[in-house]
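Asker: Quick one: the structure is below, and I'll ask about it shortly.
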Amino acid sequence: MTTTAILNGMLYDGTGGAARRAQVIVRDGRIAEIGAELDVPADAEVIDATGCWVTPGFLDIHTHYDAELEINPSLDESLRHGVTTVLVGSCGLSMVVGDPEDLADMFCRVEGIPHDLVLPILRDVVDWSSPAGYAEHLSGLPLGPNVASMLGHSTARAHTMGLRRAVSDGVRPTEHELVAMDRLTREALDAGLVGLSLNLLPWDKMGGERFRSRPTPSVFAKFAEYRRLSEAVRARDAVLQAVPNLQTRWPILPLMEMSRPRGGRALRTSLLTMMDAPPAMGLYRLLGKAGQVLNDRLGANVRFQALPTTFDLFTDGLENPVIEELGAGTEALHLDDIDARRALIRAPGFRDRFRRQWRNPVAARAYHRDLSEARVVGCPDGSVVGLTFAEVAQRRGTGDPLDAFLDLQAAWGNDLRWYSVVANGNPEAVEWIMSHPVALIGFSDAGAHLRNMGFYNFPLRMLKRVRDAQLEGRGFMTVEAAVAKLTAEIADSHRLDVGRITVGARADLVVIDPERLDETVEEIHEEPMPAFPSVRRLVRRNDDTVRAVMVNGAVAWAGGAAASDLGTAHRFGTYLASG
């Protein structure tokens, strides 16, 4: 490997310690020297970081890149923003074991990935049958960033029970099946997987044709099953990641309680999510306080994944996970044929059901459903573009924003594109969440919801928020603390050997121009995916902000382009085993 010298940068080492101007020498994939004045080898490749920050590579602990890895393992959309380690296998879904059709049916609708594109790929590439085989498979891919994985509980359940039984009401695993799931979990942890992910959210639905619109397998389990498998996770000091039922919210408490020490060890618990959502205003503060009490007084290890950004969604027609919290929404999305869906929306009976459920004052909700906030951003009828649905209703004289919403859905189907801020619309709340000790920065869903979300560059957006506050003289968090929360803190919580700039450490590094932490980090783009060229992915891109990205000592991104595009074909990342 070549030697690389990063010169004249302001070093933020990930520990939270004071930044300092330093030179960094990288050799053989590791950080060889750090100092104010170093002798730079004559043959070293030099990166001039004058005026720039040098930080450890960022971690993204909540992605759904599981399918994209198979055809686009460079994962440039994260790499370009300084993300050098990604974690797959979130929300109970993974590719660790299973039949390709089962995997596609579980994965695609939940995550907004084209089923007809993913299934042939999985049929072609899946040649592993165990967690160790999957780890070996990941190790053989030409990865851009480092990749770690979790075992999805839905995956384990379907593999052990068979998919039909795993998604059937009233069917419980036999003792033999529970033993097999427990054994599979332990095998996954032995293979270096980070932990086990659960999903209790019933509006995450199956795709395909066989079990379409049923919840994913993990939802059908009882808490006794979750508890039993969590003890295998606890025994190996691994991570339990869980999506509570965001509608009823009560399962959050028993999931938090599971983290308390048993047998002298707390369970590393990563829950979704700490955010400021209108239907549950102030809940994030209660979660933060409860987590602190459990951790500080009772010895637990509870963390809540959190986005350091506004949580906003773009939607084509009804193609949005939050629509599935309505039974009528699932009824519509059950229909793959858009014309059939539009016909259903015109039916008076369906509209009555949708209206009753949308306006039900008692039923819990995750989405605020405020149509005076939701805004049309694309439509063949240009007269409605830029208007909220309430404004459309007013102009048309209908008086009812929901009627206007349904009328536009029936008229245009997925050609209607609309925007809504679901959570984190209050900057003060976001700053409170970012700086809270229980918050674990992440939850980007990178690689999923391709048309809905664009959070790939969340680390840069967080750093912009912190820097802006400092420039305004109200620093709620130091840059040093922000870098630590984006790097070493996440790495430590998942027992991954990344996240720090110290001598001997893995050389995953980012060079950032702080002057370009500007409004460009918020700009929306729709870009074709290398993996699925027929799909235009929603992203925020600001390539001038990141000068260079190193993964395992090699420059993987520089000058606004991937190294592979510059003629430097190379395998950069590696499969990261936890612990």
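A note on labels: chains of the structure tokens are A, B, ... as shown, every chain counts residues from 1, and ligands are counted from 1 in their shown order.
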Residues of segment 437-469 of chain A classed as alpha helix (DSSP H) by DSSP on the backbone are to be reported as a VMD selection string.
Answerer: chain A and resid 458 to 469
Asker: Could you dump the residues just selected with N, CA and C atoms as a short mmCIF file (atom, residue, chain, number, x, y, z; two decimals), in the first residue's frame?
Answerer:
data_model
loop_
_atom_site.label_atom_id
_atom_site.label_comp_id
_atom_site.auth_asym_id
_atom_site.auth_seq_id
_atom_site.Cartn_x
_atom_site.Cartn_y
_atom_site.Cartn_z
N PHE A 458 -26.50 12.76 6.62
CA PHE A 458 -26.87 13.29 7.94
C PHE A 458 -25.67 13.72 8.79
N PRO A 459 -24.47 13.08 8.68
CA PRO A 459 -23.36 13.60 9.50
C PRO A 459 -22.98 15.03 9.14
N LEU A 460 -22.97 15.33 7.84
CA LEU A 460 -22.61 16.69 7.43
C LEU A 460 -23.68 17.69 7.85
N ARG A 461 -24.92 17.27 7.79
CA ARG A 461 -26.00 18.18 8.21
C ARG A 461 -25.92 18.44 9.71
N MET A 462 -25.51 17.44 10.47
CA MET A 462 -25.32 17.65 11.91
C MET A 462 -24.18 18.61 12.17
N LEU A 463 -23.06 18.41 11.47
CA LEU A 463 -21.92 19.31 11.68
C LEU A 463 -22.26 20.74 11.26
N LYS A 464 -23.04 20.89 10.21
CA LYS A 464 -23.48 22.24 9.81
C LYS A 464 -24.29 22.88 10.93
N ARG A 465 -25.21 22.13 11.50
CA ARG A 465 -26.05 22.68 12.56
C ARG A 465 -25.20 23.12 13.76
N VAL A 466 -24.22 22.30 14.11
CA VAL A 466 -23.35 22.63 15.25
C VAL A 466 -22.49 23.85 14.93
N ARG A 467 -21.92 23.87 13.74
CA ARG A 467 -21.07 25.01 13.36
C ARG A 467 -21.87 26.30 13.27
N ASP A 468 -23.07 26.23 12.68
CA ASP A 468 -23.91 27.43 12.58
C ASP A 468 -24.21 28.00 13.96
N ALA A 469 -24.54 27.11 14.90
CA ALA A 469 -24.85 27.58 16.26
C ALA A 469 -23.64 28.25 16.88
#
Asker: At most 9 Å is the cut-off: for each residue in segment 19-137 of chain A with any atom that close to an atom of segment 495-517 of chain A, write down the nearest atom pair and the distance in Å rounded to one decimal, counting only C-alpha atoms, chain first then increasing number, as a Markdown table.
Answerer:
| residue | atom | partner | partner_atom | distance |
| --- | --- | --- | --- | --- |
| A:Val24 | CA | A:Ile501 | CA | 8.9 |
| A:Val26 | CA | A:Ala507 | CA | 6.7 |
| A:Arg27 | CA | A:Ala507 | CA | 8.5 |
| A:Asp28 | CA | A:Ala507 | CA | 8.9 |
| A:Gly29 | CA | A:Ala507 | CA | 5.6 |
| A:Arg30 | CA | A:Arg506 | CA | 4.7 |
| A:Ile31 | CA | A:Val503 | CA | 5.1 |
| A:Ala32 | CA | A:Val503 | CA | 5.5 |
| A:Glu33 | CA | A:Val503 | CA | 5.9 |
| A:Ile34 | CA | A:Val503 | CA | 6.8 |
| A:Ile47 | CA | A:Val511 | CA | 8.9 |
| A:Ala49 | CA | A:Val511 | CA | 6.7 |
| A:Thr50 | CA | A:Asp513 | CA | 9.0 |
| A:Gly51 | CA | A:Asp513 | CA | 6.8 |
| A:Cys52 | CA | A:Asp513 | CA | 4.7 |
| A:Trp53 | CA | A:Ile512 | CA | 5.1 |
| A:Val54 | CA | A:Val511 | CA | 4.7 |
| A:Thr55 | CA | A:Val510 | CA | 5.2 |
| A:Pro56 | CA | A:Leu509 | CA | 4.5 |
| A:Gly57 | CA | A:Leu509 | CA | 4.7 |
| A:Phe58 | CA | A:Gly499 | CA | 7.1 |
| A:Leu59 | CA | A:Gly499 | CA | 7.7 |
| A:His81 | CA | A:Val510 | CA | 8.8 |
| A:Gly82 | CA | A:Val510 | CA | 5.6 |
| A:Val83 | CA | A:Val510 | CA | 8.5 |
| A:Thr84 | CA | A:Asp508 | CA | 6.5 |
| A:Thr85 | CA | A:Val498 | CA | 8.1 |
Asker: Would you put the residues from that selection into a file with N, CA, C and O atoms, as an mmCIF file, in the first residue's frame?
Answerer:
data_model
loop_
_atom_site.group_PDB
_atom_site.id
_atom_site.type_symbol
_atom_site.label_atom_id
_atom_site.label_comp_id
_atom_site.auth_asym_id
_atom_site.auth_seq_id
_atom_site.Cartn_x
_atom_site.Cartn_y
_atom_site.Cartn_z
ATOM 1 N N VAL A 24 -1.053 13.812 9.629
ATOM 2 C CA VAL A 24 -1.370 12.395 9.825
ATOM 3 C C VAL A 24 -0.697 11.602 8.716
ATOM 4 O O VAL A 24 -0.896 11.886 7.533
ATOM 5 N N VAL A 26 -0.381 7.910 7.046
ATOM 6 C CA VAL A 26 -1.092 6.637 6.929
ATOM 7 C C VAL A 26 -0.207 5.662 6.158
ATOM 8 O O VAL A 26 0.311 6.001 5.091
ATOM 9 N N ARG A 27 -0.070 4.457 6.725
ATOM 10 C CA ARG A 27 0.763 3.451 6.059
ATOM 11 C C ARG A 27 0.141 2.070 6.272
ATOM 12 O O ARG A 27 -0.255 1.732 7.397
ATOM 13 N N ASP A 28 0.055 1.290 5.206
ATOM 14 C CA ASP A 28 -0.453 -0.086 5.285
ATOM 15 C C ASP A 28 -1.826 -0.160 5.948
ATOM 16 O O ASP A 28 -2.108 -1.065 6.726
ATOM 17 N N GLY A 29 -2.664 0.803 5.613
ATOM 18 C CA GLY A 29 -4.043 0.756 6.079
ATOM 19 C C GLY A 29 -4.266 1.242 7.493
ATOM 20 O O GLY A 29 -5.403 1.254 7.972
ATOM 21 N N ARG A 30 -3.196 1.646 8.160
ATOM 22 C CA ARG A 30 -3.307 2.089 9.550
ATOM 23 C C ARG A 30 -2.701 3.475 9.713
ATOM 24 O O ARG A 30 -1.920 3.941 8.878
ATOM 25 N N ILE A 31 -3.068 4.129 10.784
ATOM 26 C CA ILE A 31 -2.493 5.436 11.089
ATOM 27 C C ILE A 31 -1.131 5.211 11.725
ATOM 28 O O ILE A 31 -1.023 4.619 12.812
ATOM 29 N N ALA A 32 -0.101 5.656 11.049
ATOM 30 C CA ALA A 32 1.267 5.382 11.493
ATOM 31 C C ALA A 32 1.809 6.467 12.412
ATOM 32 O O ALA A 32 2.511 6.171 13.389
ATOM 33 N N GLU A 33 1.506 7.734 12.112
ATOM 34 C CA GLU A 33 2.044 8.836 12.914
ATOM 35 C C GLU A 33 1.036 9.980 12.952
ATOM 36 O O GLU A 33 0.304 10.213 11.988
ATOM 37 N N ILE A 34 1.037 10.688 14.069
ATOM 38 C CA ILE A 34 0.251 11.915 14.218
ATOM 39 C C ILE A 34 1.140 12.927 14.924
ATOM 40 O O ILE A 34 1.765 12.611 15.943
ATOM 41 N N ILE A 47 -2.287 14.769 0.774
ATOM 42 C CA ILE A 47 -3.596 15.420 0.760
ATOM 43 C C ILE A 47 -3.452 16.713 1.544
ATOM 44 O O ILE A 47 -3.166 16.692 2.754
ATOM 45 N N ALA A 49 -4.832 19.464 3.524
ATOM 46 C CA ALA A 49 -6.057 19.713 4.288
ATOM 47 C C ALA A 49 -6.067 21.118 4.885
ATOM 48 O O ALA A 49 -6.753 21.364 5.885
ATOM 49 N N THR A 50 -5.338 22.031 4.282
ATOM 50 C CA THR A 50 -5.312 23.409 4.781
ATOM 51 C C THR A 50 -6.737 23.979 4.834
ATOM 52 O O THR A 50 -7.483 23.918 3.844
ATOM 53 N N GLY A 51 -7.094 24.518 5.987
ATOM 54 C CA GLY A 51 -8.425 25.092 6.164
ATOM 55 C C GLY A 51 -9.515 24.057 6.378
ATOM 56 O O GLY A 51 -10.692 24.422 6.475
ATOM 57 N N CYS A 52 -9.135 22.803 6.458
ATOM 58 C CA CYS A 52 -10.132 21.731 6.553
ATOM 59 C C CYS A 52 -10.094 21.029 7.907
ATOM 60 O O CYS A 52 -9.127 21.134 8.668
ATOM 61 N N TRP A 53 -11.166 20.306 8.198
ATOM 62 C CA TRP A 53 -11.233 19.420 9.352
ATOM 63 C C TRP A 53 -10.863 18.017 8.898
ATOM 64 O O TRP A 53 -11.243 17.581 7.803
ATOM 65 N N VAL A 54 -10.154 17.319 9.746
ATOM 66 C CA VAL A 54 -9.854 15.897 9.514
ATOM 67 C C VAL A 54 -10.512 15.112 10.637
ATOM 68 O O VAL A 54 -10.208 15.327 11.815
ATOM 69 N N THR A 55 -11.419 14.228 10.273
ATOM 70 C CA THR A 55 -12.190 13.481 11.268
ATOM 71 C C THR A 55 -12.108 11.984 10.968
ATOM 72 O O THR A 55 -11.756 11.585 9.854
ATOM 73 N N PRO A 56 -12.448 11.150 11.954
ATOM 74 C CA PRO A 56 -12.626 9.735 11.625
ATOM 75 C C PRO A 56 -13.786 9.575 10.649
ATOM 76 O O PRO A 56 -14.667 10.441 10.554
ATOM 77 N N GLY A 57 -13.791 8.465 9.927
ATOM 78 C CA GLY A 57 -14.923 8.175 9.057
ATOM 79 C C GLY A 57 -16.196 8.021 9.884
ATOM 80 O O GLY A 57 -16.173 7.527 11.019
ATOM 81 N N PHE A 58 -17.305 8.449 9.323
ATOM 82 C CA PHE A 58 -18.584 8.399 10.035
ATOM 83 C C PHE A 58 -19.197 7.001 9.947
ATOM 84 O O PHE A 58 -18.914 6.231 9.029
ATOM 85 N N LEU A 59 -20.060 6.689 10.904
ATOM 86 C CA LEU A 59 -20.768 5.422 10.927
ATOM 87 C C LEU A 59 -22.250 5.665 10.690
ATOM 88 O O LEU A 59 -22.823 6.622 11.217
ATOM 89 N N HIS A 81 -20.252 11.114 1.327
ATOM 90 C CA HIS A 81 -20.530 12.011 2.454
ATOM 91 C C HIS A 81 -19.665 11.698 3.667
ATOM 92 O O HIS A 81 -19.921 12.214 4.755
ATOM 93 N N GLY A 82 -18.654 10.864 3.479
ATOM 94 C CA GLY A 82 -17.743 10.573 4.583
ATOM 95 C C GLY A 82 -18.150 9.405 5.448
ATOM 96 O O GLY A 82 -17.532 9.157 6.485
ATOM 97 N N VAL A 83 -19.173 8.662 5.053
ATOM 98 C CA VAL A 83 -19.588 7.473 5.806
ATOM 99 C C VAL A 83 -18.693 6.313 5.377
ATOM 100 O O VAL A 83 -18.724 5.886 4.223
ATOM 101 N N THR A 84 -17.895 5.812 6.304
ATOM 102 C CA THR A 84 -16.934 4.757 5.972
ATOM 103 C C THR A 84 -17.299 3.404 6.589
ATOM 104 O O THR A 84 -16.617 2.417 6.322
ATOM 105 N N THR A 85 -18.359 3.367 7.405
ATOM 106 C CA THR A 85 -18.849 2.104 7.962
ATOM 107 C C THR A 85 -20.365 2.130 7.980
ATOM 108 O O THR A 85 -20.962 3.102 8.476
#
Asker: Go through segment 484-538 of chain A residue by residue and, counting only C-alpha atoms, keep those with an atom at most 12 Å from segment 263-276 of chain A; for each kept residue give the shortest atom pair and its distance in Å to one decimal, ordered by chain and increasing number, as a Markdown table.
Answerer:
| residue | atom | partner | partner_atom | distance |
| --- | --- | --- | --- | --- |
| A:Ile490 | CA | A:Ser270 | CA | 10.7 |
| A:Asp492 | CA | A:Arg268 | CA | 10.8 |
| A:Ser493 | CA | A:Arg268 | CA | 7.4 |
| A:His494 | CA | A:Arg268 | CA | 8.2 |
| A:Arg495 | CA | A:Arg268 | CA | 10.2 |
Asker: Write out as a list in words the residues lying within 8 Å of Thr388 of chain A, counting only C-alpha atoms and excluding same-chain residues fewer than 3 positions away.
Answerer: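 My reading of the contact set: Leu371, Ser372, Glu373, Ala374, Arg375, Val376, Glu391 and Val392 of chain A.
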Asker: Take the selection from the previous step and output its residues with C-alpha atoms, as a PDB file, in the first residue's frame.
Answerer:
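So selection32.pdb came out as:
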ATOM      1  CA  LEU A 371     -53.091  18.503   5.214  1.00  0.00           C
ATOM      2  CA  SER A 372     -52.528  22.194   5.765  1.00  0.00           C
ATOM      3  CA  GLU A 373     -48.839  21.279   6.107  1.00  0.00           C
ATOM      4  CA  ALA A 374     -48.486  18.575   3.428  1.00  0.00           C
ATOM      5  CA  ARG A 375     -47.644  20.200   0.092  1.00  0.00           C
ATOM      6  CA  VAL A 376     -47.800  19.140  -3.569  1.00  0.00           C
ATOM      7  CA  GLU A 391     -55.060  25.320  -0.190  1.00  0.00           C
ATOM      8  CA  VAL A 392     -56.095  23.070  -3.087  1.00  0.00           C
TER       9      VAL A 392
END
Asker: My list of candidates is A:Arg346, A:His525, A:Arg536, A:His153. Which is closest to Leu229 of chain A when distances are computed with only C-alpha atoms?
Answerer: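 For Leu229 of chain A, the nearest of the given residues is A:His153.
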Asker: Counting only C-alpha atoms, which residue out of A:Trp432, A:Phe532, A:Phe107, A:Trp128 sits closest to Thr155 of chain A?
Answerer: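 With only C-alpha atoms as the atom set, the closest residue is A:Phe107.
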Asker: Mind pulling up the distance from atom CA of Arg285 of chain A to atom CA of Ile433 of chain A?
Answerer: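 Going from atom CA of Ile433 of chain A over to atom CA of Arg285 of chain A, I get 8.2 Å.
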Asker: Do you know which residues are at most 7 Å from Gly207 of chain A counting only C-alpha atoms, after dropping those on the same chain fewer than 4 positions away, and could you put them as a list in words?
Answerer: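 Contacts, with the query itself left out: Asp105, Met106, Cys108, Arg109, Arg212 and Ser213 of chain A.
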Asker: Keeping only N, CA and C atoms, write the selected residues to a file as a tab-separated table (two decimals), in the first residue's frame.
Answerer:
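To be explicit, this is the file written out as again23.tsv:
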chain	number	residue	atom	x	y	z
A	105	ASP	N	-39.70	-10.99	-0.48
A	105	ASP	CA	-41.05	-10.68	-0.01
A	105	ASP	C	-41.01	-9.92	1.32
A	106	MET	N	-40.10	-10.28	2.19
A	106	MET	CA	-40.00	-9.60	3.49
A	106	MET	C	-39.42	-8.21	3.35
A	108	CYS	N	-38.80	-6.03	0.39
A	108	CYS	CA	-38.97	-5.01	-0.64
A	108	CYS	C	-40.07	-3.99	-0.36
A	109	ARG	N	-41.26	-4.45	0.04
A	109	ARG	CA	-42.33	-3.47	0.25
A	109	ARG	C	-42.06	-2.60	1.46
A	212	ARG	N	-48.85	-11.18	0.66
A	212	ARG	CA	-48.86	-9.73	0.49
A	212	ARG	C	-49.75	-9.05	1.53
A	213	SER	N	-49.23	-7.98	2.10
A	213	SER	CA	-49.92	-7.09	3.04
A	213	SER	C	-50.05	-7.65	4.45
Asker: Name all residues at most 10 Å from segment 236-245 of chain A (count only C-alpha atoms; drop same-chain ones fewer than 4 positions away) and give them as a ChimeraX atom specification.
Answerer: /A:62,89-92,150-153,186,189-190,192-203,219,226,229-232,249-256,258-259,265-273,301-305,366,493-495,578-579
Asker: Env of segment 169-181 of chain A: 9 Å cut, atoms = only C-alpha atoms, seq-sep filter 4 positions within chain, self excluded. Answer as a PyMOL selection string.
Answerer: chain A and resi 153+156-157+159-161+165+185-186+220-222+225+228-229
Asker: Quick one: DSSP strand (DSSP E) residues in segment 406-448 of chain A, as a count of residues only?
Answerer: 10
